[in-house]
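Heads up: the structure comes next, in structure tokens.
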Amino acid sequence: MTIQKTFITVSGAALTGLLMGGAFGFGAGKMSPDFFRHIMPWQDVEPVGFATFAGGTVGVLLGGGLGVFGVIIQLIYDWRKKA
């Protein structure tokens, strides 16, 4: 697996996680805005925006982690195939 293919795989997984997490956060913010309205006690935040941001952030982390896990599994598979 080349460095370019590894970069594309992990970046694609992170961007997919961003889209899915942002969509989930947007839906959660629309369905239950009171949950996100007072998430920071010292200031009120816009619930849909905060939920979308939080969902997108976590989606990038989890999607990128899943992409790295996929690359590691691919490396192990290739090493065992050569042996």
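Identifiers in the structure tokens: chain A, B, ... in order shown; residue index from 1 per chain; ligand index from 1 in order shown.
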
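The protein and nucleic acid residues lying at most 9 Å from region 25-39 of chain A are Met20, Gly21, Gly22, Ala23, Pro41, Trp42, Gln43, Asp44, Val45, Glu46, Pro47, Val48, Gly49, Phe50, Ala51, Thr52, Phe53, Ala54, Gly55 and Gly56 of chain A, with only C-alpha atoms considered and sequence neighbours fewer than 2 positions away removed.
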
For the residues in that selection, give me N, CA and C atoms as a PDB file, in the first residue's frame.
```pdb
ATOM      1  N   MET A  20     -21.268  12.182   8.147  1.00  0.00           N
ATOM      2  CA  MET A  20     -22.241  11.400   8.913  1.00  0.00           C
ATOM      3  C   MET A  20     -22.429  11.962  10.315  1.00  0.00           C
ATOM      4  N   GLY A  21     -21.344  12.361  10.982  1.00  0.00           N
ATOM      5  CA  GLY A  21     -21.445  12.933  12.318  1.00  0.00           C
ATOM      6  C   GLY A  21     -22.149  14.273  12.311  1.00  0.00           C
ATOM      7  N   GLY A  22     -21.853  15.100  11.317  1.00  0.00           N
ATOM      8  CA  GLY A  22     -22.540  16.387  11.199  1.00  0.00           C
ATOM      9  C   GLY A  22     -24.022  16.229  10.944  1.00  0.00           C
ATOM     10  N   ALA A  23     -24.378  15.276  10.085  1.00  0.00           N
ATOM     11  CA  ALA A  23     -25.798  15.020   9.825  1.00  0.00           C
ATOM     12  C   ALA A  23     -26.502  14.500  11.074  1.00  0.00           C
ATOM     13  N   PRO A  41     -22.716  26.108  30.936  1.00  0.00           N
ATOM     14  CA  PRO A  41     -23.555  26.836  31.892  1.00  0.00           C
ATOM     15  C   PRO A  41     -23.319  28.348  31.914  1.00  0.00           C
ATOM     16  N   TRP A  42     -22.159  28.816  31.491  1.00  0.00           N
ATOM     17  CA  TRP A  42     -21.877  30.247  31.575  1.00  0.00           C
ATOM     18  C   TRP A  42     -22.387  31.026  30.369  1.00  0.00           C
ATOM     19  N   GLN A  43     -22.865  30.339  29.335  1.00  0.00           N
ATOM     20  CA  GLN A  43     -23.389  31.056  28.170  1.00  0.00           C
ATOM     21  C   GLN A  43     -24.340  30.142  27.408  1.00  0.00           C
ATOM     22  N   ASP A  44     -25.365  30.736  26.840  1.00  0.00           N
ATOM     23  CA  ASP A  44     -26.291  29.971  25.998  1.00  0.00           C
ATOM     24  C   ASP A  44     -25.711  29.872  24.593  1.00  0.00           C
ATOM     25  N   VAL A  45     -25.876  28.718  23.988  1.00  0.00           N
ATOM     26  CA  VAL A  45     -25.372  28.496  22.631  1.00  0.00           C
ATOM     27  C   VAL A  45     -26.541  28.167  21.722  1.00  0.00           C
ATOM     28  N   GLU A  46     -26.325  28.317  20.437  1.00  0.00           N
ATOM     29  CA  GLU A  46     -27.334  27.951  19.454  1.00  0.00           C
ATOM     30  C   GLU A  46     -27.308  26.424  19.342  1.00  0.00           C
ATOM     31  N   PRO A  47     -28.399  25.750  19.696  1.00  0.00           N
ATOM     32  CA  PRO A  47     -28.338  24.290  19.868  1.00  0.00           C
ATOM     33  C   PRO A  47     -28.050  23.510  18.588  1.00  0.00           C
ATOM     34  N   VAL A  48     -28.631  23.893  17.474  1.00  0.00           N
ATOM     35  CA  VAL A  48     -28.422  23.123  16.240  1.00  0.00           C
ATOM     36  C   VAL A  48     -26.980  23.282  15.759  1.00  0.00           C
ATOM     37  N   GLY A  49     -26.454  24.481  15.831  1.00  0.00           N
ATOM     38  CA  GLY A  49     -25.070  24.707  15.411  1.00  0.00           C
ATOM     39  C   GLY A  49     -24.072  23.973  16.283  1.00  0.00           C
ATOM     40  N   PHE A  50     -24.290  24.018  17.598  1.00  0.00           N
ATOM     41  CA  PHE A  50     -23.374  23.322  18.495  1.00  0.00           C
ATOM     42  C   PHE A  50     -23.455  21.813  18.296  1.00  0.00           C
ATOM     43  N   ALA A  51     -24.657  21.281  18.139  1.00  0.00           N
ATOM     44  CA  ALA A  51     -24.812  19.837  17.938  1.00  0.00           C
ATOM     45  C   ALA A  51     -24.177  19.400  16.620  1.00  0.00           C
ATOM     46  N   THR A  52     -24.317  20.204  15.578  1.00  0.00           N
ATOM     47  CA  THR A  52     -23.697  19.884  14.285  1.00  0.00           C
ATOM     48  C   THR A  52     -22.182  19.920  14.390  1.00  0.00           C
ATOM     49  N   PHE A  53     -21.645  20.936  15.060  1.00  0.00           N
ATOM     50  CA  PHE A  53     -20.198  21.039  15.254  1.00  0.00           C
ATOM     51  C   PHE A  53     -19.661  19.858  16.064  1.00  0.00           C
ATOM     52  N   ALA A  54     -20.328  19.545  17.171  1.00  0.00           N
ATOM     53  CA  ALA A  54     -19.873  18.436  18.019  1.00  0.00           C
ATOM     54  C   ALA A  54     -19.948  17.108  17.263  1.00  0.00           C
ATOM     55  N   GLY A  55     -21.028  16.888  16.531  1.00  0.00           N
ATOM     56  CA  GLY A  55     -21.159  15.655  15.755  1.00  0.00           C
ATOM     57  C   GLY A  55     -20.111  15.547  14.666  1.00  0.00           C
ATOM     58  N   GLY A  56     -19.830  16.656  13.980  1.00  0.00           N
ATOM     59  CA  GLY A  56     -18.804  16.641  12.944  1.00  0.00           C
ATOM     60  C   GLY A  56     -17.416  16.395  13.505  1.00  0.00           C
TER      61      GLY A  56
END
```

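Among A:Ala13, A:Met40, A:Ala83, A:Leu75, the residue with the shortest atom-to-atom distance to Gly59 (chain A), counting only C-alpha atoms, is A:Ala13.
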
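Compared by their closest atoms to Gly12 (chain A), and using only C-alpha atoms, the residues A:Ile72, A:Tyr77, A:Phe24, A:Gly65 rank with A:Gly65 nearest.
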